[in-house]
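Structure below is final.tsv: TSV, N, CA and C atoms.
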chain	number	residue	atom	x	y	z
A	1	MET	N	0.83	-1.19	0.00
A	1	MET	CA	0.00	0.00	0.00
A	1	MET	C	0.88	1.26	0.00
A	2	CYS	N	1.94	1.27	0.82
A	2	CYS	CA	2.83	2.43	0.88
A	2	CYS	C	3.52	2.66	-0.46
A	3	HIS	N	3.88	1.58	-1.14
A	3	HIS	CA	4.55	1.71	-2.44
A	3	HIS	C	3.61	2.33	-3.47
A	4	ILE	N	2.35	1.94	-3.44
A	4	ILE	CA	1.38	2.48	-4.39
A	4	ILE	C	1.13	3.96	-4.13
A	5	LEU	N	1.05	4.36	-2.85
A	5	LEU	CA	0.80	5.75	-2.51
A	5	LEU	C	2.04	6.62	-2.58
A	6	GLY	N	3.20	5.99	-2.69
A	6	GLY	CA	4.46	6.75	-2.77
A	6	GLY	C	4.89	7.31	-1.43
A	7	VAL	N	4.61	6.57	-0.35
A	7	VAL	CA	4.93	6.99	1.00
A	7	VAL	C	5.87	5.97	1.61
A	8	SER	N	6.83	6.45	2.41
A	8	SER	CA	7.73	5.51	3.07
A	8	SER	C	6.98	4.79	4.18
A	9	THR	N	7.42	3.59	4.48
A	9	THR	CA	6.77	2.79	5.51
A	9	THR	C	6.90	3.45	6.88
A	10	SER	N	8.10	3.96	7.18
A	10	SER	CA	8.30	4.61	8.48
A	10	SER	C	7.45	5.88	8.59
A	11	GLY	N	7.30	6.61	7.49
A	11	GLY	CA	6.48	7.80	7.49
A	11	GLY	C	5.01	7.49	7.75
A	12	TYR	N	4.54	6.37	7.17
A	12	TYR	CA	3.15	5.96	7.39
A	12	TYR	C	2.91	5.61	8.85
A	13	PHE	N	3.81	4.85	9.44
A	13	PHE	CA	3.61	4.44	10.83
A	13	PHE	C	3.77	5.62	11.79
A	14	LYS	N	4.63	6.58	11.45
A	14	LYS	CA	4.75	7.79	12.26
A	14	LYS	C	3.45	8.59	12.20
A	15	TYR	N	2.88	8.71	11.01
A	15	TYR	CA	1.61	9.42	10.85
A	15	TYR	C	0.50	8.70	11.63
A	16	LYS	N	0.49	7.38	11.56
A	16	LYS	CA	-0.54	6.60	12.25
A	16	LYS	C	-0.44	6.75	13.77
A	17	LYS	N	0.80	6.86	14.26
A	17	LYS	CA	1.02	7.02	15.70
A	17	LYS	C	0.59	8.41	16.18
A	18	MET	N	0.74	9.43	15.34
A	18	MET	CA	0.49	10.82	15.74
A	18	MET	C	-0.94	11.29	15.44
A	19	ILE	N	-1.80	10.44	14.91
A	19	ILE	CA	-3.14	10.87	14.48
A	19	ILE	C	-3.96	11.48	15.61
A	20	GLY	N	-4.01	10.89	16.78
A	20	GLY	CA	-4.88	11.38	17.84
A	20	GLY	C	-4.30	12.47	18.72
A	21	ARG	N	-3.03	12.78	18.56
A	21	ARG	CA	-2.37	13.75	19.43
A	21	ARG	C	-2.50	15.18	18.91
A	22	PRO	N	-2.65	16.15	19.81
A	22	PRO	CA	-2.62	17.54	19.35
A	22	PRO	C	-1.18	17.95	19.03
A	23	ASN	N	-1.02	18.81	18.05
A	23	ASN	CA	0.34	19.23	17.70
A	23	ASN	C	0.84	20.27	18.71
A	24	LYS	N	2.11	20.57	18.64
A	24	LYS	CA	2.74	21.45	19.63
A	24	LYS	C	2.19	22.88	19.55
A	25	ASP	N	1.83	23.32	18.36
A	25	ASP	CA	1.27	24.67	18.22
A	25	ASP	C	-0.08	24.78	18.93
A	26	ALA	N	-0.87	23.71	18.89
A	26	ALA	CA	-2.17	23.73	19.57
A	26	ALA	C	-1.98	23.79	21.08
A	27	ILE	N	-0.98	23.09	21.59
A	27	ILE	CA	-0.70	23.11	23.02
A	27	ILE	C	-0.24	24.50	23.44
A	28	LEU	N	0.67	25.09	22.64
A	28	LEU	CA	1.17	26.44	22.95
A	28	LEU	C	0.06	27.48	22.88
A	29	SER	N	-0.80	27.39	21.87
A	29	SER	CA	-1.85	28.39	21.74
A	29	SER	C	-2.86	28.27	22.88
A	30	ALA	N	-3.14	27.05	23.35
A	30	ALA	CA	-4.04	26.89	24.48
A	30	ALA	C	-3.43	27.49	25.75
A	31	GLU	N	-2.13	27.30	25.92
A	31	GLU	CA	-1.45	27.85	27.10
A	31	GLU	C	-1.39	29.38	27.02
A	32	MET	N	-1.17	29.92	25.81
A	32	MET	CA	-1.16	31.38	25.63
A	32	MET	C	-2.53	31.97	25.94
A	33	GLU	N	-3.57	31.28	25.52
A	33	GLU	CA	-4.92	31.76	25.79
A	33	GLU	C	-5.21	31.78	27.29
A	34	ASP	N	-4.71	30.77	28.01
A	34	ASP	CA	-4.86	30.76	29.47
A	34	ASP	C	-4.14	31.95	30.11
A	35	ILE	N	-2.94	32.24	29.61
A	35	ILE	CA	-2.17	33.37	30.14
A	35	ILE	C	-2.90	34.68	29.89
A	36	LEU	N	-3.46	34.85	28.68
A	36	LEU	CA	-4.16	36.08	28.34
A	36	LEU	C	-5.47	36.23	29.12
A	37	ASN	N	-6.10	35.12	29.48
A	37	ASN	CA	-7.37	35.17	30.20
A	37	ASN	C	-7.21	35.26	31.71
A	38	GLU	N	-5.98	35.16	32.22
A	38	GLU	CA	-5.74	35.24	33.67
A	38	GLU	C	-6.14	36.59	34.24
A	39	SER	N	-5.78	37.64	33.54
A	39	SER	CA	-6.00	38.99	34.04
A	39	SER	C	-6.32	39.91	32.86
A	40	PRO	N	-7.14	40.94	33.08
A	40	PRO	CA	-7.40	41.86	31.98
A	40	PRO	C	-6.17	42.68	31.57
A	41	PHE	N	-5.18	42.75	32.45
A	41	PHE	CA	-3.95	43.49	32.13
A	41	PHE	C	-3.03	42.70	31.22
A	42	ASN	N	-3.26	41.40	31.08
A	42	ASN	CA	-2.43	40.57	30.21
A	42	ASN	C	-2.79	40.73	28.75
A	43	ASP	N	-3.78	41.54	28.46
A	43	ASP	CA	-4.25	41.71	27.09
A	43	ASP	C	-3.22	42.37	26.19
A	44	ASN	N	-2.29	43.10	26.77
A	44	ASN	CA	-1.31	43.81	25.95
A	44	ASN	C	0.03	43.09	25.89
A	45	TYR	N	0.04	41.79	26.09
A	45	TYR	CA	1.29	41.03	26.01
A	45	TYR	C	1.77	40.97	24.58
A	46	GLY	N	3.06	41.19	24.40
A	46	GLY	CA	3.69	40.99	23.12
A	46	GLY	C	4.42	39.66	23.12
A	47	ALA	N	5.14	39.38	22.05
A	47	ALA	CA	5.82	38.09	21.94
A	47	ALA	C	6.92	37.90	22.98
A	48	PRO	N	7.78	38.90	23.27
A	48	PRO	CA	8.82	38.68	24.28
A	48	PRO	C	8.24	38.44	25.68
A	49	ARG	N	7.23	39.19	26.05
A	49	ARG	CA	6.62	39.00	27.37
A	49	ARG	C	5.89	37.66	27.44
A	50	MET	N	5.28	37.24	26.32
A	50	MET	CA	4.60	35.95	26.27
A	50	MET	C	5.61	34.82	26.40
A	51	GLN	N	6.80	35.00	25.82
A	51	GLN	CA	7.83	33.99	25.93
A	51	GLN	C	8.27	33.83	27.39
A	52	LEU	N	8.40	34.94	28.11
A	52	LEU	CA	8.76	34.85	29.53
A	52	LEU	C	7.66	34.16	30.35
A	53	ALA	N	6.41	34.46	30.03
A	53	ALA	CA	5.30	33.84	30.75
A	53	ALA	C	5.25	32.33	30.49
A	54	LEU	N	5.55	31.94	29.25
A	54	LEU	CA	5.58	30.51	28.92
A	54	LEU	C	6.75	29.81	29.60
A	55	LEU	N	7.88	30.51	29.69
A	55	LEU	CA	9.05	29.92	30.37
A	55	LEU	C	8.75	29.69	31.85
A	56	GLN	N	8.00	30.60	32.47
A	56	GLN	CA	7.62	30.42	33.87
A	56	GLN	C	6.72	29.20	34.06
A	57	ARG	N	5.99	28.83	33.03
A	57	ARG	CA	5.14	27.65	33.09
A	57	ARG	C	5.87	26.39	32.61
A	58	GLY	N	7.13	26.52	32.23
A	58	GLY	CA	7.92	25.36	31.83
A	58	GLY	C	7.83	25.00	30.36
A	59	LEU	N	7.37	25.92	29.52
A	59	LEU	CA	7.28	25.66	28.08
A	59	LEU	C	8.31	26.50	27.35
A	60	LYS	N	9.09	25.88	26.49
A	60	LYS	CA	10.09	26.59	25.70
A	60	LYS	C	9.56	26.79	24.29
A	61	ALA	N	9.69	28.01	23.80
A	61	ALA	CA	9.29	28.32	22.43
A	61	ALA	C	10.06	29.55	21.98
A	62	GLY	N	10.34	29.63	20.70
A	62	GLY	CA	11.06	30.76	20.15
A	62	GLY	C	10.15	31.94	19.86
A	63	ILE	N	10.76	33.10	19.74
A	63	ILE	CA	10.02	34.34	19.49
A	63	ILE	C	9.25	34.27	18.16
A	64	CYS	N	9.87	33.75	17.12
A	64	CYS	CA	9.21	33.69	15.81
A	64	CYS	C	7.98	32.80	15.86
A	65	ARG	N	8.08	31.69	16.54
A	65	ARG	CA	6.95	30.77	16.66
A	65	ARG	C	5.82	31.41	17.46
A	66	ILE	N	6.16	32.06	18.56
A	66	ILE	CA	5.16	32.73	19.39
A	66	ILE	C	4.49	33.85	18.60
A	67	THR	N	5.28	34.61	17.86
A	67	THR	CA	4.74	35.70	17.05
A	67	THR	C	3.77	35.16	16.01
A	68	ARG	N	4.14	34.08	15.35
A	68	ARG	CA	3.29	33.48	14.33
A	68	ARG	C	1.95	33.01	14.92
A	69	ILE	N	2.01	32.33	16.06
A	69	ILE	CA	0.80	31.82	16.69
A	69	ILE	C	-0.08	32.99	17.15
A	70	MET	N	0.52	34.02	17.74
A	70	MET	CA	-0.26	35.17	18.19
A	70	MET	C	-0.88	35.92	17.02
A	71	ARG	N	-0.16	36.01	15.89
A	71	ARG	CA	-0.70	36.68	14.72
A	71	ARG	C	-1.87	35.88	14.13
A	72	GLU	N	-1.76	34.54	14.12
A	72	GLU	CA	-2.83	33.70	13.58
A	72	GLU	C	-4.12	33.84	14.38
A	73	HIS	N	-4.00	34.01	15.69
A	73	HIS	CA	-5.17	34.11	16.54
A	73	HIS	C	-5.64	35.54	16.79
A	74	GLY	N	-4.91	36.51	16.27
A	74	GLY	CA	-5.29	37.91	16.42
A	74	GLY	C	-4.94	38.50	17.77
A	75	TRP	N	-3.99	37.92	18.47
A	75	TRP	CA	-3.59	38.40	19.79
A	75	TRP	C	-2.44	39.39	19.70
A	76	LEU	N	-1.83	39.53	18.55
A	76	LEU	CA	-0.68	40.41	18.40
A	76	LEU	C	-1.15	41.79	17.99
A	77	HIS	N	-0.72	42.80	18.70
A	77	HIS	CA	-1.10	44.17	18.42
A	77	HIS	C	-0.12	44.78	17.44
A	78	LYS	N	-0.57	45.82	16.76
A	78	LYS	CA	0.33	46.54	15.86
A	78	LYS	C	1.38	47.27	16.69
A	79	PRO	N	2.62	47.28	16.24
A	79	PRO	CA	3.64	48.01	17.00
A	79	PRO	C	3.36	49.51	16.97
A	80	ARG	N	3.74	50.16	18.04
A	80	ARG	CA	3.54	51.60	18.11
A	80	ARG	C	4.45	52.31	17.11
A	81	ARG	N	4.00	53.45	16.66
A	81	ARG	CA	4.78	54.21	15.70
A	81	ARG	C	6.00	54.79	16.40
A	82	LYS	N	7.14	54.61	15.80
A	82	LYS	CA	8.36	55.19	16.35
A	82	LYS	C	8.58	56.55	15.71
A	83	PRO	N	8.90	57.55	16.49
A	83	PRO	CA	9.15	58.87	15.90
A	83	PRO	C	10.41	58.82	15.03
A	84	LYS	N	10.34	59.49	13.91
A	84	LYS	CA	11.46	59.47	12.97
A	84	LYS	C	12.28	60.75	13.14
A	85	GLY	N	13.11	60.76	14.14
A	85	GLY	CA	14.04	61.87	14.32
A	85	GLY	C	13.38	63.20	14.53
A	86	LEU	N	12.85	63.42	15.68
A	86	LEU	CA	12.17	64.69	15.94
A	86	LEU	C	13.15	65.84	16.03
A	87	THR	N	14.34	65.57	16.51
A	87	THR	CA	15.32	66.65	16.64
A	87	THR	C	16.55	66.32	15.80
A	88	HIS	N	16.73	67.04	14.74
A	88	HIS	CA	17.92	66.90	13.90
A	88	HIS	C	18.70	68.21	13.98
A	89	PRO	N	19.98	68.11	14.22
A	89	PRO	CA	20.75	69.37	14.20
A	89	PRO	C	20.86	69.91	12.78
A	90	THR	N	20.71	71.20	12.66
A	90	THR	CA	20.85	71.83	11.34
A	90	THR	C	22.31	72.20	11.14
A	91	THR	N	22.82	71.86	10.00
A	91	THR	CA	24.23	72.18	9.72
A	91	THR	C	24.38	73.11	8.58

Go ahead and render the structure in this file as structure tokens.
Amino acid sequence: MCHILGVSTSGYFKYKKMIGRPNKDAILSAEMEDILNESPFNDNYGAPRMQLALLQRGLKAGICRITRIMREHGWLHKPRRKPKGLTHPTT
């Protein structure tokens, strides 16, 4: 069957073993949602602060992964506008 479908045997059995398990992104997003729902002040968490909160709960994740998950769920806010050189010396 694997030969006909063009799938390796080990890949098929790995897929079969992982069918009922939630993936790591689902676990992280559920934990992030718990963190955001703990307090109304947690609503303004960005990716670095979320990473620290996850580390306190014993979960390791990178900034890019956390940013991606937060962006997918709409939890990431737009960055504030940075002023572009309000004071320039005139020469």

* Best match for closeness to Asp25 in chain A among A:Pro48, A:Pro40, A:Gly6, A:Gly62, counting only C-alpha atoms ->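 Of all the options, A:Gly62 lies closest to Asp25 in chain A.
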
* Structure fact -> Taken to one decimal, the CA of Ile27 in chain A-CA of Leu76 in chain A distance is 17.9 Å

* Give the answer as one residue: which of A:Arg57, A:Met1, A:Ala47, A:Leu52 has the shortest atom-to-atom distance to Asp34 in chain A, using only C-alpha atoms? =>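 Among the listed residues, the smallest separation from Asp34 in chain A belongs to A:Arg57.
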
* One decimal, Å: what's the distance from atom C of Trp75 in chain A over to CA of Gln56 in chain A, could you say? =>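 Separation between atom C of Trp75 in chain A and CA of Gln56 in chain A: 19.6 Å.
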
* To do: Identify which of the residues A:Ala53, A:Cys64, A:Leu5, A:Met18 lies closest to Ile35 in chain A, counting all atoms listed in the file when measuring atom-to-atom distances.
  =>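 Smallest separation from Ile35 in chain A among the options: A:Ala53.
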
* To do: Within chain A, find each residue whose DSSP state, derived from the backbone, is alpha helix (DSSP H), and express the selection as a VMD selection string.
  => chain A and resid 2 to 5 9 to 18 24 to 38 47 to 56 63 to 73

* Asked: Interatomic distance between CA of Gly20 in chain A and CA of Ser8 in chain A?
  ->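 CA of Gly20 in chain A sits 20.3 Å away from CA of Ser8 in chain A.
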
* Might you pull out every residue within 12 Å of Leu54 in chain A, with only C-alpha atoms counted and same-chain residues fewer than 3 positions away left off, and present them as a VMD selection string? => chain A and resid 27 to 36 45 47 to 51 57 to 63 66

* Asked: Which of these, A:Arg65, A:Leu55, A:Asn44, A:Arg21, has the shortest distance to Lys78 in chain A once you count only C-alpha atoms?
  -> A:Asn44

When you get a chance, write out all heavy atoms for range 70-81 of chain A, as a PDB file, in the coordinates of the input.
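Full text of rebuild_14.pdb as output:
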ATOM      1  N   MET A  70       0.520  34.020  17.740  1.00  0.00           N
ATOM      2  CA  MET A  70      -0.260  35.170  18.190  1.00  0.00           C
ATOM      3  C   MET A  70      -0.880  35.920  17.020  1.00  0.00           C
ATOM      4  O   MET A  70      -2.002  36.412  17.112  1.00  0.00           O
ATOM      5  CB  MET A  70       0.619  36.099  19.022  1.00  0.00           C
ATOM      6  CG  MET A  70       0.990  35.529  20.378  1.00  0.00           C
ATOM      7  SD  MET A  70       2.014  36.630  21.349  1.00  0.00           S
ATOM      8  CE  MET A  70       0.787  37.798  21.917  1.00  0.00           C
ATOM      9  N   ARG A  71      -0.160  36.010  15.890  1.00  0.00           N
ATOM     10  CA  ARG A  71      -0.700  36.680  14.720  1.00  0.00           C
ATOM     11  C   ARG A  71      -1.870  35.880  14.130  1.00  0.00           C
ATOM     12  O   ARG A  71      -2.876  36.447  13.701  1.00  0.00           O
ATOM     13  CB  ARG A  71       0.396  36.833  13.661  1.00  0.00           C
ATOM     14  CG  ARG A  71      -0.025  37.710  12.495  1.00  0.00           C
ATOM     15  CD  ARG A  71       1.087  37.907  11.489  1.00  0.00           C
ATOM     16  NE  ARG A  71       2.221  38.599  12.079  1.00  0.00           N
ATOM     17  CZ  ARG A  71       3.477  38.146  12.051  1.00  0.00           C
ATOM     18  NH1 ARG A  71       3.761  37.011  11.457  1.00  0.00           N
ATOM     19  NH2 ARG A  71       4.457  38.824  12.606  1.00  0.00           N
ATOM     20  N   GLU A  72      -1.760  34.540  14.120  1.00  0.00           N
ATOM     21  CA  GLU A  72      -2.830  33.700  13.580  1.00  0.00           C
ATOM     22  C   GLU A  72      -4.120  33.840  14.380  1.00  0.00           C
ATOM     23  O   GLU A  72      -5.214  33.793  13.821  1.00  0.00           O
ATOM     24  CB  GLU A  72      -2.404  32.231  13.572  1.00  0.00           C
ATOM     25  CG  GLU A  72      -1.382  31.890  12.523  1.00  0.00           C
ATOM     26  CD  GLU A  72      -0.850  30.476  12.659  1.00  0.00           C
ATOM     27  OE1 GLU A  72      -1.249  29.754  13.595  1.00  0.00           O
ATOM     28  OE2 GLU A  72      -0.031  30.084  11.811  1.00  0.00           O
ATOM     29  N   HIS A  73      -4.000  34.010  15.690  1.00  0.00           N
ATOM     30  CA  HIS A  73      -5.170  34.110  16.540  1.00  0.00           C
ATOM     31  C   HIS A  73      -5.640  35.540  16.790  1.00  0.00           C
ATOM     32  O   HIS A  73      -6.631  35.756  17.472  1.00  0.00           O
ATOM     33  CB  HIS A  73      -4.898  33.428  17.899  1.00  0.00           C
ATOM     34  CG  HIS A  73      -4.767  31.948  17.795  1.00  0.00           C
ATOM     35  ND1 HIS A  73      -5.846  31.114  17.658  1.00  0.00           N
ATOM     36  CD2 HIS A  73      -3.685  31.141  17.784  1.00  0.00           C
ATOM     37  CE1 HIS A  73      -5.454  29.872  17.583  1.00  0.00           C
ATOM     38  NE2 HIS A  73      -4.130  29.861  17.654  1.00  0.00           N
ATOM     39  N   GLY A  74      -4.910  36.510  16.270  1.00  0.00           N
ATOM     40  CA  GLY A  74      -5.290  37.910  16.420  1.00  0.00           C
ATOM     41  C   GLY A  74      -4.940  38.500  17.770  1.00  0.00           C
ATOM     42  O   GLY A  74      -5.543  39.480  18.192  1.00  0.00           O
ATOM     43  N   TRP A  75      -3.990  37.920  18.470  1.00  0.00           N
ATOM     44  CA  TRP A  75      -3.590  38.400  19.790  1.00  0.00           C
ATOM     45  C   TRP A  75      -2.440  39.390  19.700  1.00  0.00           C
ATOM     46  O   TRP A  75      -2.115  40.040  20.684  1.00  0.00           O
ATOM     47  CB  TRP A  75      -3.146  37.244  20.681  1.00  0.00           C
ATOM     48  CG  TRP A  75      -4.218  36.251  20.959  1.00  0.00           C
ATOM     49  CD1 TRP A  75      -5.551  36.496  21.078  1.00  0.00           C
ATOM     50  CD2 TRP A  75      -4.048  34.862  21.164  1.00  0.00           C
ATOM     51  NE1 TRP A  75      -6.215  35.332  21.340  1.00  0.00           N
ATOM     52  CE2 TRP A  75      -5.321  34.318  21.401  1.00  0.00           C
ATOM     53  CE3 TRP A  75      -2.948  34.016  21.177  1.00  0.00           C
ATOM     54  CZ2 TRP A  75      -5.514  32.968  21.643  1.00  0.00           C
ATOM     55  CZ3 TRP A  75      -3.142  32.673  21.412  1.00  0.00           C
ATOM     56  CH2 TRP A  75      -4.420  32.158  21.644  1.00  0.00           C
ATOM     57  N   LEU A  76      -1.830  39.530  18.550  1.00  0.00           N
ATOM     58  CA  LEU A  76      -0.680  40.410  18.400  1.00  0.00           C
ATOM     59  C   LEU A  76      -1.150  41.790  17.990  1.00  0.00           C
ATOM     60  O   LEU A  76      -1.922  41.948  17.046  1.00  0.00           O
ATOM     61  CB  LEU A  76       0.281  39.840  17.344  1.00  0.00           C
ATOM     62  CG  LEU A  76       1.684  40.373  17.348  1.00  0.00           C
ATOM     63  CD1 LEU A  76       2.371  40.040  18.660  1.00  0.00           C
ATOM     64  CD2 LEU A  76       2.468  39.799  16.205  1.00  0.00           C
ATOM     65  N   HIS A  77      -0.720  42.800  18.700  1.00  0.00           N
ATOM     66  CA  HIS A  77      -1.100  44.170  18.420  1.00  0.00           C
ATOM     67  C   HIS A  77      -0.120  44.780  17.440  1.00  0.00           C
ATOM     68  O   HIS A  77       1.023  44.360  17.318  1.00  0.00           O
ATOM     69  CB  HIS A  77      -1.127  45.008  19.698  1.00  0.00           C
ATOM     70  CG  HIS A  77      -2.055  44.446  20.732  1.00  0.00           C
ATOM     71  ND1 HIS A  77      -3.414  44.550  20.614  1.00  0.00           N
ATOM     72  CD2 HIS A  77      -1.828  43.767  21.869  1.00  0.00           C
ATOM     73  CE1 HIS A  77      -3.983  43.971  21.644  1.00  0.00           C
ATOM     74  NE2 HIS A  77      -3.036  43.485  22.429  1.00  0.00           N
ATOM     75  N   LYS A  78      -0.570  45.820  16.760  1.00  0.00           N
ATOM     76  CA  LYS A  78       0.330  46.540  15.860  1.00  0.00           C
ATOM     77  C   LYS A  78       1.380  47.270  16.690  1.00  0.00           C
ATOM     78  O   LYS A  78       1.066  47.826  17.753  1.00  0.00           O
ATOM     79  CB  LYS A  78      -0.448  47.560  15.034  1.00  0.00           C
ATOM     80  CG  LYS A  78      -1.323  46.955  13.978  1.00  0.00           C
ATOM     81  CD  LYS A  78      -1.980  48.052  13.160  1.00  0.00           C
ATOM     82  CE  LYS A  78      -2.859  47.461  12.093  1.00  0.00           C
ATOM     83  NZ  LYS A  78      -3.517  48.498  11.297  1.00  0.00           N
ATOM     84  N   PRO A  79       2.620  47.280  16.240  1.00  0.00           N
ATOM     85  CA  PRO A  79       3.640  48.010  17.000  1.00  0.00           C
ATOM     86  C   PRO A  79       3.360  49.510  16.970  1.00  0.00           C
ATOM     87  O   PRO A  79       2.797  50.029  16.003  1.00  0.00           O
ATOM     88  CB  PRO A  79       4.938  47.681  16.280  1.00  0.00           C
ATOM     89  CG  PRO A  79       4.551  47.189  14.948  1.00  0.00           C
ATOM     90  CD  PRO A  79       3.169  46.635  15.061  1.00  0.00           C
ATOM     91  N   ARG A  80       3.740  50.160  18.040  1.00  0.00           N
ATOM     92  CA  ARG A  80       3.540  51.600  18.110  1.00  0.00           C
ATOM     93  C   ARG A  80       4.450  52.310  17.110  1.00  0.00           C
ATOM     94  O   ARG A  80       5.534  51.837  16.785  1.00  0.00           O
ATOM     95  CB  ARG A  80       3.857  52.104  19.512  1.00  0.00           C
ATOM     96  CG  ARG A  80       2.863  51.647  20.518  1.00  0.00           C
ATOM     97  CD  ARG A  80       3.170  52.237  21.861  1.00  0.00           C
ATOM     98  NE  ARG A  80       2.194  51.806  22.843  1.00  0.00           N
ATOM     99  CZ  ARG A  80       2.307  52.017  24.114  1.00  0.00           C
ATOM    100  NH1 ARG A  80       3.340  52.666  24.591  1.00  0.00           N
ATOM    101  NH2 ARG A  80       1.382  51.586  24.946  1.00  0.00           N
ATOM    102  N   ARG A  81       4.000  53.450  16.660  1.00  0.00           N
ATOM    103  CA  ARG A  81       4.780  54.210  15.700  1.00  0.00           C
ATOM    104  C   ARG A  81       6.000  54.790  16.400  1.00  0.00           C
ATOM    105  O   ARG A  81       5.899  55.385  17.474  1.00  0.00           O
ATOM    106  CB  ARG A  81       3.928  55.339  15.116  1.00  0.00           C
ATOM    107  CG  ARG A  81       4.656  56.160  14.061  1.00  0.00           C
ATOM    108  CD  ARG A  81       3.810  57.341  13.635  1.00  0.00           C
ATOM    109  NE  ARG A  81       3.571  58.284  14.715  1.00  0.00           N
ATOM    110  CZ  ARG A  81       4.434  59.240  15.076  1.00  0.00           C
ATOM    111  NH1 ARG A  81       5.586  59.357  14.467  1.00  0.00           N
ATOM    112  NH2 ARG A  81       4.138  60.062  16.066  1.00  0.00           N
TER     113      ARG A  81
END
